[in-house]
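Q: Can you keep this structure in mind? I'll have questions shortly.
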Amino acid sequence: MSELELIQADILYTGMGLPIRNGAVVIGGQTIAAAGKLDALSAQYPQAEPRHTVNVIAPLPVNAHAHLDMSDYAFQALPYFQWIPEVVIAGRLSRGLAGAKKGLAQVRASGAAALGDIVWPGTPEVMDWLLSEADMGGVAYWEVLDPNPTTAEQTFAQVVQDVARFRKLERPGGMRLGLSPHATHTVSSRLHRLLADFARRENLPLQIHVAEHPSELELFASGTGPLAESFARMVQFSSPGLTLPEVLGRPPTPGLTPVSYLAELGVLDARPTLIHMVNVTDEDIRTVAQAGANVVTCPRSNANLQCGTFRWADFVAAGVDVALGTDSVASGETLNIFDEIAAARRIHTDLDPRLIVRAAVKGGHRIMNQYGLRSKAPFLRRGEAWDERFVWPSV
Ligand SMILES: [Zn+2]
């Protein structure tokens with residue numbers, strides 16, 4: 001019998017139940033002999049040689065939300081409503097395949113098990129490459145942007161065509177195709193409905209940016225504020241004269257929130273994955289829990305764009321599955337999911353860190369698993385193969 005080794009961990013997550021504190025893994029050769037409480041394993045395996053104590057032992061985490069095609073952008077912290085025009089739109093010529101390849105190399109080097117990536121429609125070659133060649137599992141979401149209701153049918157018809165073409169490129173074990181209606185207010189209500197119905201019929205996973213900055217709440221409640229103003233300026237280029245009530249298919253109203261608006265449209269019935277969700281009401285959290293939608297939080301991006309702090313404990317208490325994503329390098333700084341986990345611990349100091357570990361693994365895989373994707377974390381238990389990468393970098 002090969003020699004046994006015991007590794008202690010402040011937090012051990014076997015992939016089942018909740019992570020435990022003061023855990024340990026006993027390994028013999030490259031196989032796990034046992035995983036559990038340190039006390040119990042020390043007593044059970046007195047011959048096992050104790051190795052160093054580590055911070056976390058867990059399956060590899062998932063980066064559930066990124067924008068690889070923005071990896072040639074420079075990082076810039078600005079308020080969200082200013083960051084969109086001054087960074088994202090101003091730098092759009094640097095988007096593309098070169099950045100996406102660089103970004104994927106960074107995601108792979110960081111050790112993420114799978115990736116949820118948004119692909120900008122200006123660079124369809126990125127989607128072709130992700131689906132047909134990229135060496136990574138997960139979902140590549142084709143982004144849709146069109147606030148003008150008069151072109152909703154035309155845009156939708158193009159999406160249907162794009163999806164039919166992209167679907168032919170999917171490979172077993174490779175990335176799967178999804179859709180991303182960009183945000184609550186950058187897609188018209190009519191197009192939101194068409195896309196949600198289509199995604200449901202076609203089993204397409206969805207990601208939508210929702211309730212990112214406080215100014216988004218103001219936009220829905222009164223149609224005023226800095227986001228309403230910057231959005232009005234942006235739409236004048238593509239659709240002169242287009243008003244917010246036309247985009248939303250209704251007037252902004254006190255009490256209307258980005259989440260209640262999506263619920264009203266029936267979009268939540270497609271069980272989309274909701275990105276950010278920083279500026280939400282108690283009622284919004286209940287609505288999302290009832291709809292069975294997942295949520296992804298990007299703590300560094302939210303801090304850098306002055307969005308506020310995600311109400312993590314409240315979502316968990318309501319039974320919502322939370323996952324973690326880096327967002328793009330332009331707001332999240334790096335595509336390393338372990339940097340995001342470390343930031344989550346720094347930002348959410350009152351949160352039990354075991355919830356962060358579980359979110360990064362299980363929350364991420366749940367999203368990648370939607371609609372029959374076979375993305376699954378290995379369980380750390382007797383008889384399973386040991387991988388040194390289960391010892392996480394200190395976070
Ligand atoms: Zn994003």
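Naming scheme: A, B, ... for chains in displayed order of the structure tokens; residues 1 onward per chain; ligands 1 onward as shown.
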Quick one: everything within 7 Å of region 149-157 of chain A, counting only C-alpha atoms, minus sequence neighbours fewer than 5 positions away in the same chain. Send it as a list in words.
A: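 Listed by chain and then number, they are Ser188, Arg190, Leu191 and Val247 of chain A.
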Q: Running DSSP on the backbone, which parts of region 122-231 of chain A land in strand (DSSP E), as a ChimeraX atom specification?
A: /A:138-144,175-181,207-210
Q: Go ahead and write the residues just picked, all heavy atoms, as a compact mmCIF listing (two decimals), in the first residue's frame.
A:
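Result went into again.txt, see below:
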```txt
# COMPACT_ATOMS: atom_id res chain seq x y z
N GLY A 138 -18.27 25.08 -21.22
CA GLY A 138 -19.09 26.16 -20.69
C GLY A 138 -20.10 26.64 -21.70
O GLY A 138 -20.54 25.89 -22.58
N VAL A 139 -20.47 27.92 -21.61
CA VAL A 139 -21.48 28.48 -22.50
C VAL A 139 -20.97 29.78 -23.11
O VAL A 139 -20.42 30.63 -22.40
CB VAL A 139 -22.80 28.77 -21.74
CG1 VAL A 139 -23.87 29.28 -22.71
CG2 VAL A 139 -23.30 27.55 -21.00
N ALA A 140 -21.13 29.93 -24.42
CA ALA A 140 -20.82 31.19 -25.11
C ALA A 140 -22.16 31.83 -25.48
O ALA A 140 -22.92 31.26 -26.26
CB ALA A 140 -19.98 30.92 -26.35
N TYR A 141 -22.45 32.97 -24.88
CA TYR A 141 -23.75 33.62 -25.05
C TYR A 141 -23.66 34.69 -26.14
O TYR A 141 -22.85 35.63 -26.03
CB TYR A 141 -24.17 34.30 -23.75
CG TYR A 141 -24.32 33.38 -22.56
CD1 TYR A 141 -23.23 33.09 -21.74
CD2 TYR A 141 -25.55 32.80 -22.24
CE1 TYR A 141 -23.37 32.26 -20.63
CE2 TYR A 141 -25.70 31.98 -21.13
CZ TYR A 141 -24.60 31.71 -20.34
OH TYR A 141 -24.73 30.90 -19.23
N TRP A 142 -24.47 34.55 -27.17
CA TRP A 142 -24.50 35.50 -28.28
C TRP A 142 -25.28 36.72 -27.84
O TRP A 142 -26.48 36.61 -27.52
CB TRP A 142 -25.13 34.82 -29.49
CG TRP A 142 -25.22 35.62 -30.75
CD1 TRP A 142 -26.36 35.90 -31.44
CD2 TRP A 142 -24.13 36.18 -31.50
NE1 TRP A 142 -26.04 36.61 -32.58
CE2 TRP A 142 -24.68 36.80 -32.64
CE3 TRP A 142 -22.74 36.21 -31.32
CZ2 TRP A 142 -23.90 37.44 -33.59
CZ3 TRP A 142 -21.96 36.86 -32.27
CH2 TRP A 142 -22.54 37.47 -33.39
N GLU A 143 -24.62 37.87 -27.81
CA GLU A 143 -25.24 39.07 -27.26
C GLU A 143 -26.18 39.74 -28.27
O GLU A 143 -25.89 39.78 -29.46
CB GLU A 143 -24.15 40.06 -26.86
CG GLU A 143 -24.64 41.22 -26.03
CD GLU A 143 -23.48 42.02 -25.46
OE1 GLU A 143 -22.70 42.60 -26.25
OE2 GLU A 143 -23.34 42.06 -24.23
N VAL A 144 -27.30 40.24 -27.76
CA VAL A 144 -28.27 40.95 -28.61
C VAL A 144 -28.51 42.33 -28.01
O VAL A 144 -28.79 42.45 -26.83
CB VAL A 144 -29.61 40.18 -28.70
CG1 VAL A 144 -30.56 40.88 -29.66
CG2 VAL A 144 -29.38 38.73 -29.12
N MET A 175 -17.71 24.30 -26.00
CA MET A 175 -18.66 25.27 -25.48
C MET A 175 -20.01 25.11 -26.16
O MET A 175 -20.11 24.73 -27.31
CB MET A 175 -18.13 26.69 -25.67
CG MET A 175 -16.95 26.96 -24.77
SD MET A 175 -16.55 28.71 -24.59
CE MET A 175 -17.45 29.14 -23.13
N ARG A 176 -21.02 25.47 -25.39
CA ARG A 176 -22.39 25.37 -25.85
C ARG A 176 -22.88 26.78 -26.15
O ARG A 176 -22.43 27.74 -25.54
CB ARG A 176 -23.16 24.70 -24.70
CG ARG A 176 -24.63 24.78 -24.71
CD ARG A 176 -25.22 23.55 -25.36
NE ARG A 176 -26.60 23.84 -25.69
CZ ARG A 176 -27.62 23.56 -24.89
NH1 ARG A 176 -27.42 22.98 -23.74
NH2 ARG A 176 -28.84 23.86 -25.27
N LEU A 177 -23.82 26.89 -27.08
CA LEU A 177 -24.35 28.21 -27.45
C LEU A 177 -25.44 28.67 -26.49
O LEU A 177 -26.30 27.89 -26.09
CB LEU A 177 -24.92 28.13 -28.87
CG LEU A 177 -25.54 29.41 -29.43
CD1 LEU A 177 -24.51 30.51 -29.61
CD2 LEU A 177 -26.26 29.13 -30.75
N GLY A 178 -25.39 29.94 -26.13
CA GLY A 178 -26.46 30.57 -25.35
C GLY A 178 -26.79 31.92 -25.96
O GLY A 178 -26.20 32.31 -26.97
N LEU A 179 -27.74 32.63 -25.36
CA LEU A 179 -28.11 33.97 -25.83
C LEU A 179 -27.99 34.96 -24.68
O LEU A 179 -28.28 34.62 -23.53
CB LEU A 179 -29.56 33.98 -26.29
CG LEU A 179 -29.91 33.58 -27.72
CD1 LEU A 179 -31.42 33.75 -27.92
CD2 LEU A 179 -29.12 34.39 -28.75
N SER A 180 -27.62 36.20 -25.01
CA SER A 180 -27.60 37.23 -23.99
C SER A 180 -28.27 38.52 -24.47
O SER A 180 -27.62 39.36 -25.09
CB SER A 180 -26.16 37.54 -23.55
OG SER A 180 -26.17 38.59 -22.61
N PRO A 181 -29.59 38.65 -24.19
CA PRO A 181 -30.19 39.97 -24.36
C PRO A 181 -29.39 40.90 -23.43
O PRO A 181 -29.37 40.66 -22.20
CB PRO A 181 -31.62 39.78 -23.87
CG PRO A 181 -31.83 38.27 -23.84
CD PRO A 181 -30.49 37.67 -23.57
N GLN A 207 -28.20 34.74 -20.45
CA GLN A 207 -27.64 35.63 -19.43
C GLN A 207 -28.05 37.06 -19.76
O GLN A 207 -28.01 37.47 -20.93
CB GLN A 207 -26.09 35.57 -19.40
CG GLN A 207 -25.54 34.33 -18.74
CD GLN A 207 -24.12 34.50 -18.18
OE1 GLN A 207 -23.47 35.53 -18.34
NE2 GLN A 207 -23.64 33.46 -17.52
N ILE A 208 -28.47 37.81 -18.73
CA ILE A 208 -28.87 39.22 -18.91
C ILE A 208 -28.23 40.06 -17.81
O ILE A 208 -28.22 39.66 -16.64
CB ILE A 208 -30.41 39.40 -18.80
CG1 ILE A 208 -31.16 38.36 -19.64
CG2 ILE A 208 -30.82 40.82 -19.22
CD1 ILE A 208 -32.67 38.40 -19.45
N HIS A 209 -27.67 41.23 -18.17
CA HIS A 209 -27.17 42.17 -17.16
C HIS A 209 -28.38 42.88 -16.54
O HIS A 209 -29.15 43.52 -17.26
CB HIS A 209 -26.26 43.22 -17.79
CG HIS A 209 -24.99 42.68 -18.37
ND1 HIS A 209 -24.87 42.23 -19.66
CD2 HIS A 209 -23.76 42.52 -17.82
CE1 HIS A 209 -23.63 41.83 -19.88
NE2 HIS A 209 -22.93 41.98 -18.78
N VAL A 210 -28.51 42.78 -15.24
CA VAL A 210 -29.71 43.33 -14.57
C VAL A 210 -29.33 44.05 -13.26
O VAL A 210 -28.55 43.52 -12.47
CB VAL A 210 -30.71 42.20 -14.22
CG1 VAL A 210 -32.00 42.79 -13.62
CG2 VAL A 210 -31.06 41.36 -15.44
```
Q: Give the residue list for ligand 1 at 8 Å, counting only C-alpha atoms and all ligand atoms, as a PyMOL selection string, sorted by chain and then by residue number.
A: chain A and resi 65-67+118+209+275+327-328
Q: Taking only C-alpha atoms into account, which of A:Ala377, A:Leu248, A:Met127, A:Val235 comes nearest Phe220 (chain A)?
A: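 Among the listed residues, A:Leu248 lies closest to Phe220 (chain A).
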Q: Which residues, written as JSON, numbers by chain, have at least one atom at most 9 Å from region 261-264 of chain A, with only C-alpha atoms counted and residues fewer than 6 positions away on the same chain left out?
A: {"A": [184, 189, 192, 220, 248, 287, 288, 291]}
Q: Selection from above, N, CA, C and O atoms, as a JSON list (two decimals), in the first residue's frame, can you write it?
A:
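Here's the written file again-v1.json:
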```json
[["chain", "number", "residue", "atom", "x", "y", "z"],
["A", 184, "THR", "N", -31.52, 45.02, -19.29],
["A", 184, "THR", "CA", -32.96, 45.29, -19.21],
["A", 184, "THR", "C", -33.39, 46.40, -20.15],
["A", 184, "THR", "O", -34.41, 46.29, -20.83],
["A", 189, "SER", "N", -38.76, 45.97, -25.10],
["A", 189, "SER", "CA", -39.62, 44.99, -24.41],
["A", 189, "SER", "C", -40.09, 43.92, -25.40],
["A", 189, "SER", "O", -40.15, 42.74, -25.09],
["A", 192, "HIS", "N", -37.20, 41.57, -26.00],
["A", 192, "HIS", "CA", -36.98, 40.75, -24.79],
["A", 192, "HIS", "C", -37.95, 39.55, -24.80],
["A", 192, "HIS", "O", -37.55, 38.43, -24.52],
["A", 220, "PHE", "N", -35.85, 53.07, -14.24],
["A", 220, "PHE", "CA", -37.13, 52.36, -14.28],
["A", 220, "PHE", "C", -38.20, 53.06, -13.44],
["A", 220, "PHE", "O", -39.39, 53.00, -13.76],
["A", 248, "LEU", "N", -39.27, 50.59, -23.35],
["A", 248, "LEU", "CA", -39.79, 49.71, -22.29],
["A", 248, "LEU", "C", -41.20, 49.19, -22.60],
["A", 248, "LEU", "O", -41.69, 48.27, -21.92],
["A", 287, "THR", "N", -38.94, 37.44, -5.98],
["A", 287, "THR", "CA", -39.37, 37.15, -7.36],
["A", 287, "THR", "C", -38.37, 36.23, -8.06],
["A", 287, "THR", "O", -38.75, 35.26, -8.73],
["A", 288, "VAL", "N", -37.09, 36.54, -7.91],
["A", 288, "VAL", "CA", -36.04, 35.75, -8.57],
["A", 288, "VAL", "C", -36.00, 34.34, -7.98],
["A", 288, "VAL", "O", -35.85, 33.35, -8.71],
["A", 291, "ALA", "N", -38.88, 32.39, -9.38],
["A", 291, "ALA", "CA", -38.69, 32.07, -10.79],
["A", 291, "ALA", "C", -37.66, 30.97, -10.99],
["A", 291, "ALA", "O", -37.56, 30.38, -12.06]]
```
Q: Please list as a PDB file with C-alpha atoms, in the first residue's frame every residue within 7 Å of Arg271 (chain A), counting only C-alpha atoms and excluding residues in the same chain fewer than 3 positions away.
A:
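As a result, part25.pdb now contains:
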```
ATOM      1  CA  LEU A 268     -38.037  35.281 -15.943  1.00  0.00           C
ATOM      2  CA  ALA A 291     -38.695  32.070 -10.794  1.00  0.00           C
ATOM      3  CA  GLY A 292     -35.806  29.695 -10.070  1.00  0.00           C
ATOM      4  CA  ALA A 293     -33.362  32.010 -11.855  1.00  0.00           C
TER       5      ALA A 293
END
```
Q: I'd like the neighbourhood of Ser394 (chain A) as a list in words, where a residue qualifies if any of its atoms comes within 10 Å (using only C-alpha atoms), though same-chain residues fewer than 6 positions away should be ignored.
A: Val54, Asn55, Val56, Phe338, Asp339, Ile341 and Ala342 of chain A
Q: Tell me which protein, DNA and RNA residues are within 12 Å of Gln290 (chain A), counting only C-alpha atoms, leaving out same-chain ones fewer than 6 positions away, and put them as a list in words.
A: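 Near neighbours after the sequence-gap exclusion: Ala263, Leu268, Asp269, Arg271, Glu283, Asp284, Phe315, Ala318, Gly319, Val320 and Asp321 of chain A.
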Q: For those residues, write C-alpha atoms to a file as a JSON list (two decimals), in the first residue's frame.
A:
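Below you can see selection02.json, which holds the result:
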```
[["chain", "number", "residue", "atom", "x", "y", "z"],
["A", 263, "ALA", "CA", -41.02, 39.48, -14.53],
["A", 268, "LEU", "CA", -38.04, 35.28, -15.94],
["A", 269, "ASP", "CA", -40.16, 32.30, -17.09],
["A", 271, "ARG", "CA", -35.10, 31.05, -16.12],
["A", 283, "GLU", "CA", -39.51, 41.83, -3.39],
["A", 284, "ASP", "CA", -37.08, 41.45, -6.32],
["A", 315, "PHE", "CA", -30.06, 35.90, -1.88],
["A", 318, "ALA", "CA", -34.06, 33.24, -0.18],
["A", 319, "GLY", "CA", -32.68, 30.06, -1.75],
["A", 320, "VAL", "CA", -31.18, 31.65, -4.88],
["A", 321, "ASP", "CA", -28.12, 29.97, -6.39]]
```
Q: In Å, rounded to a single decimal, give me how far CA of Gly122 (chain A) is from CA of Leu195 (chain A).
A: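 Taking CA of Leu195 (chain A) and CA of Gly122 (chain A), their separation equals 18.7 Å.
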Q: Name the closest residue to Pro393 (chain A) among the candidates A:Ala199, A:Val62, A:Ile337, A:Val280; distances are taken between atoms, counting only C-alpha atoms.
A: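 Using only C-alpha atoms, Pro393 (chain A) sits closest to A:Ile337.
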Q: Looking at A:Asp10, A:Gln161, A:Tyr80, A:Val88, which one is nearest to Glu216 (chain A), with distances taken over only C-alpha atoms?
A: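 When distances to Glu216 (chain A) are compared using only C-alpha atoms, the smallest one comes from A:Tyr80.
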Q: Could you check which of A:Gly308, A:Gly116, A:Pro121, A:Pro272 is closest to Met368 (chain A), using only C-alpha atoms?
A: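 Ranked by minimum distance to Met368 (chain A), first place goes to A:Gly116.
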